file structure-v8.txt (compact mmCIF, C-alpha atoms and all ligand atoms)
# COMPACT_ATOMS: atom_id res chain seq x y z
CA MET A 15 192.94 185.78 51.16
CA SER A 16 192.28 186.31 54.86
CA THR A 17 193.90 189.21 56.66
CA ASN A 18 195.27 188.92 60.16
CA ASP A 19 195.66 192.43 61.57
CA SER A 20 197.95 191.19 64.28
CA VAL A 21 200.83 190.57 61.83
CA LEU A 22 202.70 193.59 60.53
CA VAL A 23 205.15 193.06 57.68
CA LEU A 24 207.69 195.90 57.73
CA LYS A 25 210.13 196.30 54.87
CA VAL A 26 213.17 198.52 55.27
CA GLY A 27 215.42 199.77 52.48
CA GLY A 28 219.16 199.38 52.43
CA ALA A 29 220.00 202.95 53.42
CA LEU A 30 218.78 202.12 56.96
CA MET A 31 221.78 199.85 57.57
CA GLN A 32 224.04 202.87 57.12
CA CYS A 33 222.26 204.82 59.85
CA GLU A 34 222.86 203.69 63.46
CA MET A 35 220.26 206.08 64.84
CA GLY A 36 217.66 204.98 62.28
CA MET A 37 218.22 201.31 63.14
CA ALA A 38 218.04 202.01 66.88
CA ARG A 39 214.76 203.93 66.50
CA LEU A 40 213.23 201.29 64.26
CA MET A 41 214.17 198.46 66.62
CA GLU A 42 212.83 200.38 69.61
CA THR A 43 209.56 200.76 67.70
CA ALA A 44 209.56 197.03 66.93
CA ALA A 45 210.30 196.18 70.57
CA LYS A 46 207.35 198.31 71.67
CA MET A 47 204.99 196.67 69.18
CA LEU A 48 206.15 193.18 70.16
CA SER A 49 205.62 193.98 73.84
CA GLN A 50 202.03 194.92 72.97
CA GLY A 51 201.47 191.51 71.36
CA GLN A 52 201.86 192.78 67.80
CA LYS A 53 203.57 190.23 65.59
CA VAL A 54 206.22 191.79 63.36
CA VAL A 55 208.07 190.42 60.32
CA LEU A 56 211.02 192.58 59.24
CA VAL A 57 212.06 192.24 55.59
CA HIS A 58 215.15 194.10 54.44
CA GLY A 59 216.96 195.26 51.34
CA GLY A 60 220.60 196.27 51.16
CA GLY A 61 221.00 197.57 47.64
CA TYR A 62 223.48 200.25 48.78
CA LEU A 63 225.75 197.67 50.38
CA VAL A 64 225.61 195.47 47.27
CA ASP A 65 226.61 198.47 45.11
CA GLU A 66 229.50 199.22 47.47
CA GLN A 67 230.74 195.61 47.60
CA LEU A 68 230.52 195.22 43.82
CA GLN A 69 232.58 198.36 43.39
CA VAL A 70 235.23 197.20 45.88
CA ASN A 71 235.47 193.98 43.86
CA GLY A 72 235.81 195.83 40.56
CA MET A 73 232.35 194.90 39.29
CA GLU A 74 229.68 197.05 37.73
CA THR A 75 226.15 197.81 38.95
CA VAL A 76 223.60 197.54 36.15
CA LYS A 77 219.89 198.12 36.79
CA LEU A 78 216.93 197.59 34.50
CA ASP A 79 213.73 199.34 35.59
CA GLY A 80 214.89 199.46 39.22
CA LEU A 81 216.03 195.79 39.32
CA ARG A 82 219.67 194.72 39.54
CA VAL A 83 220.92 192.69 36.58
CA THR A 84 222.60 189.83 38.45
CA PRO A 85 225.14 187.72 36.54
CA ALA A 86 226.35 184.50 38.20
CA GLU A 87 229.77 185.97 39.00
CA GLN A 88 228.14 188.69 41.14
CA MET A 89 226.03 186.26 43.17
CA PRO A 90 228.57 185.54 45.95
CA ILE A 91 228.81 189.28 46.61
CA VAL A 92 225.05 189.82 46.45
CA VAL A 93 224.37 186.91 48.82
CA GLY A 94 227.11 188.01 51.21
CA ALA A 95 225.86 191.59 51.34
CA LEU A 96 222.15 190.76 51.71
CA ALA A 97 221.82 187.39 53.53
CA GLY A 98 225.08 188.00 55.40
CA THR A 99 226.13 191.50 56.35
CA SER A 100 222.78 193.35 56.07
CA ASN A 101 220.84 190.61 57.82
CA LYS A 102 223.31 190.36 60.71
CA ILE A 103 223.70 194.13 61.15
CA LEU A 104 219.92 194.35 61.60
CA GLN A 105 219.92 191.34 63.90
CA ALA A 106 222.55 193.01 66.05
CA ALA A 107 220.45 196.19 66.27
CA ALA A 108 217.40 194.08 67.20
CA VAL A 109 219.24 192.25 69.96
CA LYS A 110 220.51 195.59 71.32
CA ALA A 111 216.89 196.77 71.57
CA GLY A 112 215.91 193.62 73.47
CA VAL A 113 214.16 191.94 70.54
CA VAL A 114 214.56 188.19 70.04
CA ALA A 115 215.30 188.05 66.33
CA VAL A 116 215.57 185.09 63.96
CA GLY A 117 217.64 185.90 60.88
CA MET A 118 216.50 184.09 57.76
CA SER A 119 216.13 184.36 53.99
CA LEU A 120 213.39 183.51 51.50
CA ALA A 121 215.21 180.20 51.01
CA ASP A 122 214.38 178.98 54.53
CA GLY A 123 211.64 176.58 55.61
CA ASN A 124 209.91 176.26 52.23
CA LEU A 125 208.57 179.83 52.53
CA VAL A 126 208.36 180.57 48.80
CA ASP A 127 208.53 179.16 45.31
CA ALA A 128 211.27 180.91 43.33
CA ARG A 129 212.10 180.99 39.64
CA ILE A 130 214.06 183.16 37.21
CA LYS A 131 212.06 186.33 36.54
CA ASP A 132 213.39 187.38 33.15
CA GLU A 133 216.46 185.99 31.37
CA ARG A 134 217.67 189.55 30.66
CA LEU A 135 218.08 190.10 34.41
CA GLY A 136 220.29 187.06 35.03
CA LEU A 137 219.83 185.40 38.44
CA VAL A 138 216.95 187.61 39.57
CA GLY A 139 214.12 185.73 41.19
CA GLU A 140 210.36 185.98 41.07
CA VAL A 141 208.69 184.45 44.10
CA SER A 142 205.27 183.29 45.20
CA PRO A 143 204.05 182.27 48.67
CA LYS A 144 204.39 178.55 49.53
CA ASP A 145 204.41 177.42 53.17
CA GLY A 146 203.89 179.70 56.18
CA ALA A 147 204.58 177.03 58.83
CA TYR A 148 208.14 178.10 59.66
CA ILE A 149 207.56 181.84 59.83
CA ASN A 150 204.29 181.38 61.74
CA PHE A 151 206.12 179.18 64.25
CA VAL A 152 208.72 181.91 64.79
CA LEU A 153 205.98 184.54 65.18
CA ALA A 154 204.05 182.37 67.63
CA GLN A 155 207.07 182.40 69.96
CA GLY A 156 206.95 186.22 70.07
CA TRP A 157 210.20 186.37 68.08
CA MET A 158 210.82 188.68 65.14
CA PRO A 159 211.87 187.13 61.82
CA ILE A 160 214.40 189.30 59.97
CA VAL A 161 214.23 188.17 56.35
CA SER A 162 216.65 188.87 53.52
CA SER A 163 215.50 188.67 49.90
CA ILE A 164 217.78 185.83 48.79
CA ALA A 165 215.87 182.81 47.47
CA VAL A 166 216.74 179.41 46.02
CA SER A 167 215.02 177.92 42.95
CA ALA A 168 213.76 174.33 42.76
CA THR A 169 216.87 173.55 40.71
CA GLY A 170 219.13 174.87 43.45
CA ASP A 171 220.13 178.24 42.01
CA LEU A 172 220.61 181.16 44.38
CA LEU A 173 218.38 184.02 43.23
CA ASN A 174 218.39 187.74 43.99
CA VAL A 175 214.87 189.02 44.69
CA ASN A 176 213.97 192.68 44.96
CA ALA A 177 213.26 193.25 48.65
CA ASP A 178 209.97 195.08 48.10
CA GLU A 179 208.74 192.06 46.13
CA ALA A 180 210.01 189.76 48.90
CA ALA A 181 207.98 191.76 51.41
CA THR A 182 204.79 191.50 49.33
CA VAL A 183 205.09 187.73 49.16
CA LEU A 184 205.63 187.43 52.92
CA ALA A 185 202.64 189.73 53.57
CA LYS A 186 200.51 187.41 51.43
CA LEU A 187 201.97 184.33 53.15
CA VAL A 188 201.14 185.48 56.69
CA GLY A 189 198.03 187.49 55.73
CA GLY A 190 199.65 190.57 57.22
CA LYS A 191 199.46 194.32 56.84
CA LEU A 192 202.32 195.66 54.71
CA VAL A 193 204.33 198.82 55.37
CA LEU A 194 207.24 199.68 53.06
CA LEU A 195 209.71 201.99 54.82
CA SER A 196 212.21 203.84 52.64
CA ASP A 197 214.40 206.93 53.00
CA VAL A 198 211.65 209.25 51.69
CA SER A 199 208.46 210.14 53.59
CA GLY A 200 206.29 208.43 50.97
CA VAL A 201 205.55 208.81 47.27
CA LEU A 202 206.31 212.41 46.28
CA ASP A 203 204.72 214.44 43.49
CA GLY A 204 206.65 216.44 40.89
CA LYS A 205 207.13 219.25 43.45
CA GLY A 206 208.45 216.98 46.19
CA GLN A 207 205.18 217.01 48.18
CA LEU A 208 203.91 213.85 49.87
CA ILE A 209 200.96 212.24 48.05
CA PRO A 210 198.57 210.92 50.75
CA GLN A 211 196.79 208.30 48.58
CA LEU A 212 197.28 206.61 45.24
CA ASN A 213 195.21 204.16 43.22
CA ARG A 214 196.13 202.15 40.09
CA GLU A 215 195.11 204.87 37.62
CA GLN A 216 197.01 207.62 39.42
CA ILE A 217 200.09 205.40 39.69
CA GLN A 218 200.01 204.61 35.96
CA GLN A 219 199.72 208.33 35.20
CA LEU A 220 202.65 209.31 37.46
CA VAL A 221 204.84 206.52 36.08
CA LYS A 222 204.04 207.67 32.55
CA GLN A 223 204.98 211.24 33.49
CA GLY A 224 208.27 209.98 34.95
CA VAL A 225 207.39 211.31 38.44
CA ILE A 226 207.52 207.80 39.92
CA GLU A 227 210.64 206.01 38.71
CA LYS A 228 213.45 203.58 39.55
CA GLY A 229 213.21 201.94 42.99
CA MET A 230 209.99 203.80 43.78
CA LYS A 231 208.34 202.37 40.66
CA VAL A 232 209.18 198.81 41.78
CA LYS A 233 207.97 199.64 45.29
CA VAL A 234 204.66 201.17 44.27
CA GLU A 235 203.89 198.37 41.81
CA ALA A 236 204.68 195.76 44.48
CA ALA A 237 202.45 197.65 46.94
CA LEU A 238 199.59 197.85 44.42
CA ASP A 239 199.80 194.11 43.79
CA VAL A 240 199.33 193.36 47.51
CA ALA A 241 196.68 196.06 47.99
CA GLU A 242 194.62 194.65 45.13
CA GLN A 243 195.11 191.00 46.00
CA MET A 244 194.44 191.43 49.73
CA GLY A 245 191.86 194.21 49.43
CA GLN A 246 193.62 196.48 51.91
CA PRO A 247 195.85 199.55 51.62
CA VAL A 248 199.65 199.25 51.70
CA GLN A 249 201.66 202.10 53.20
CA VAL A 250 204.83 203.63 51.79
CA ALA A 251 206.61 205.75 54.41
CA SER A 252 210.00 206.52 55.95
CA TRP A 253 212.15 204.87 58.58
CA ARG A 254 213.97 208.22 58.91
CA ASP A 255 210.94 209.99 60.33
CA ALA A 256 210.60 209.51 64.10
CA ALA A 257 207.04 210.90 64.05
CA GLN A 258 206.01 208.35 61.40
CA LEU A 259 207.53 205.50 63.45
CA ALA A 260 205.71 206.68 66.59
CA ALA A 261 202.44 206.82 64.63
CA LEU A 262 203.12 203.35 63.24
CA ALA A 263 203.55 202.02 66.79
CA ARG A 264 200.14 203.52 67.64
CA GLY A 265 198.62 201.64 64.71
CA GLU A 266 198.00 204.78 62.65
CA ASN A 267 198.37 205.06 58.89
CA ILE A 268 201.54 206.78 57.73
CA GLY A 269 203.01 208.10 54.48
CA THR A 270 201.29 207.28 51.20
CA GLN A 271 198.39 204.83 51.16
CA ILE A 272 198.44 202.64 48.08
CA GLN A 273 194.77 201.80 47.64
CA PRO A 274 193.25 198.57 46.27
N1 LIG A 301 207.91 209.91 43.05
C1 LIG A 301 208.86 209.52 43.90
N2 LIG A 301 208.71 209.72 45.23
C2 LIG A 301 209.66 209.36 46.11
N3 LIG A 301 210.83 208.76 45.74
C3 LIG A 301 211.04 208.51 44.44
C4 LIG A 301 210.06 208.88 43.45
N4 LIG A 301 210.54 208.50 42.24
C5 LIG A 301 211.74 207.95 42.45
N5 LIG A 301 212.07 207.94 43.76
C6 LIG A 301 213.30 207.40 44.31
O1 LIG A 301 213.02 206.15 44.90
C7 LIG A 301 213.84 206.00 46.06
C8 LIG A 301 213.24 204.93 46.93
O2 LIG A 301 213.37 203.66 46.29
P1 LIG A 301 214.60 202.70 46.69
O3 LIG A 301 215.87 203.42 46.49
O4 LIG A 301 214.41 201.40 46.01
O5 LIG A 301 214.31 202.60 48.23
P2 LIG A 301 214.65 201.50 49.31
O6 LIG A 301 216.07 201.06 49.06
O7 LIG A 301 214.48 202.26 50.58
O8 LIG A 301 213.65 200.41 49.12
C9 LIG A 301 213.88 207.38 46.65
O9 LIG A 301 215.00 207.57 47.48
C10 LIG A 301 213.92 208.27 45.41
O10 LIG A 301 215.25 208.52 45.02
C1 LIG A 302 216.74 192.11 41.95
C2 LIG A 302 217.15 193.25 42.84
O1 LIG A 302 217.14 194.40 42.40
N1 LIG A 302 217.53 192.95 44.08
C3 LIG A 302 217.93 193.93 45.04
C4 LIG A 302 217.81 193.31 46.42
C5 LIG A 302 218.07 194.28 47.53
C6 LIG A 302 217.06 195.40 47.61
O2 LIG A 302 215.96 195.35 47.05
O3 LIG A 302 217.49 196.44 48.35
P1 LIG A 302 216.77 197.83 48.65
O4 LIG A 302 215.44 197.54 49.27
O5 LIG A 302 217.72 198.48 49.58
O6 LIG A 302 216.61 198.57 47.33
C7 LIG A 302 219.39 194.38 44.79
O7 LIG A 302 220.20 193.57 44.38
O8 LIG A 302 219.67 195.56 45.07
call {"tool": "encode", "arguments": {"input": "structure-v8.txt", "output": "structure tokens", "more": "lines below"}}
Ligand SMILES: Nc1ncnc2c1ncn2[C@@H]1O[C@H](COP(=O)(O)OP(=O)(O)O)[C@@H](O)[C@H]1O
Ligand SMILES: CC(=O)N[C@@H](CCC(=O)OP(=O)(O)O)C(=O)O
result
Amino acid sequence: MSTNDSVLVLKVGGALMQCEMGMARLMETAAKMLSQGQKVVLVHGGGYLVDEQLQVNGMETVKLDGLRVTPAEQMPIVVGALAGTSNKILQAAAVKAGVVAVGMSLADGNLVDARIKDERLGLVGEVSPKDGAYINFVLAQGWMPIVSSIAVSATGDLLNVNADEAATVLAKLVGGKLVLLSDVSGVLDGKGQLIPQLNREQIQQLVKQGVIEKGMKVKVEAALDVAEQMGQPVQVASWRDAAQLAALARGENIGTQIQP
């Protein structure tokens, strides 16, 4: 697959939407990159907001290996929190920073193929890249797509896709460089120290030891899939860290490099 260095696919975790300052800093970084001609796709999660909304509605959060078990009765809440509230909160922050943002989901413009991932997870989707025309059109205007991880299957079911997996598929679709920004500075070792680089073997070892778990396990496995398929490192870093964002804007590597 060809790689176009001028597209950066940035994924942000849901905790960002609870931090005004974090959103402002991220959008200022995006505005700077866009003004330099860098194309940016922003993919977002919103797991925290989904948890909160489920609780308010008297429903339970159940996760299997970092993925939300999504029964049909929870779907309206999941879609509202991700494709609605989270997407629009980020769009508002983008507009405030002077970025022209186009809010969308994986269901728009034939971007992906989506199917049920595993019956045990309910309406959780697995996606693969399909047609880049829509997102490439948006990018060609100098606009920033802000993409939620809600997809629709060929049979018309709404599906909940893990946002790290959504970001990997969009990175493959646009041939972009992938950076996964979470609330931790990167992948941490058993002592809480940042690990600068990881390959498949090291990841398997750390997962086995229980050092990499839950959401970070999903993230690192998604990153490894892209790194191996595209033959380029994927970065796992933090949106909280102003120095990392500044380095990102300068085109430097930040956080943990997941190596092909
Ligand atoms: N080895 C690890 N290094 C860093 N974080 C880890 C590790 N293992 C588990 N985690 C957890 O993974 C979380 C990040 O994954 P997740 O919550 O899915 O992030 P996001 O919502 O930002 O995508 C961290 O906040 C941390 O609690
Ligand atoms: C299937 C699945 O787990 N979907 C995720 C989608 C949101 C997400 O991934 O949010 P973060 O990036 O904030 O974790 C969920 O429902 O929480």
call {"tool": "axis_aligned_box", "arguments": {"input": "structure-v8.txt", "around": "ligand LIG 301 (chain A)", "padding_each_side": "3 Å", "output": "lines of an AutoDock Vina configuration file"}}
result
center_x = 212.0
center_y = 205.2
center_z = 46.4
size_x = 14.2
size_y = 15.5
size_z = 14.3
call {"tool": "closest_residue", "arguments": {"input": "structure-v8.txt", "among": "A:Gly80, A:Leu173, A:Val93, A:Ala165", "to": "Glu235 (chain A)", "atoms": "only C-alpha atoms"}}
result
A:Gly80
call {"tool": "atom_distance", "arguments": {"input": "structure-v8.txt", "atom1": "CA of Ala241 (chain A)", "atom2": "CA of Glu42 (chain A)"}}
result
27.3 Å
call {"tool": "closest_residue", "arguments": {"input": "structure-v8.txt", "among": "A:Gly265, A:Gly204, A:Gly94, A:Gly123", "to": "ligand LIG 301 (chain A)", "atoms": "all atoms listed in the file"}}
result
A:Gly204
call {"tool": "closest_residue", "arguments": {"input": "structure-v8.txt", "among": "A:Ala251, A:Val175, A:Leu184, A:Met158", "to": "Gly200 (chain A)", "atoms": "all atoms listed in the file"}}
result
A:Ala251
call {"tool": "residues_near_ligand", "arguments": {"input": "structure-v8.txt", "ligand": "ligand LIG 301 (chain A)", "cutoff": "8 Å", "atoms": "all atoms listed in the file", "output": "VMD selection string"}}
result
chain A and resid 25 to 30 59 to 62 80 177 to 178 194 to 204 206 208 220 224 to 233
call {"tool": "closest_residue", "arguments": {"input": "structure-v8.txt", "among": "A:Val114, A:Leu135, A:Val152, A:Leu68", "to": "Ser49 (chain A)", "atoms": "all atoms listed in the file"}}
result
A:Val114
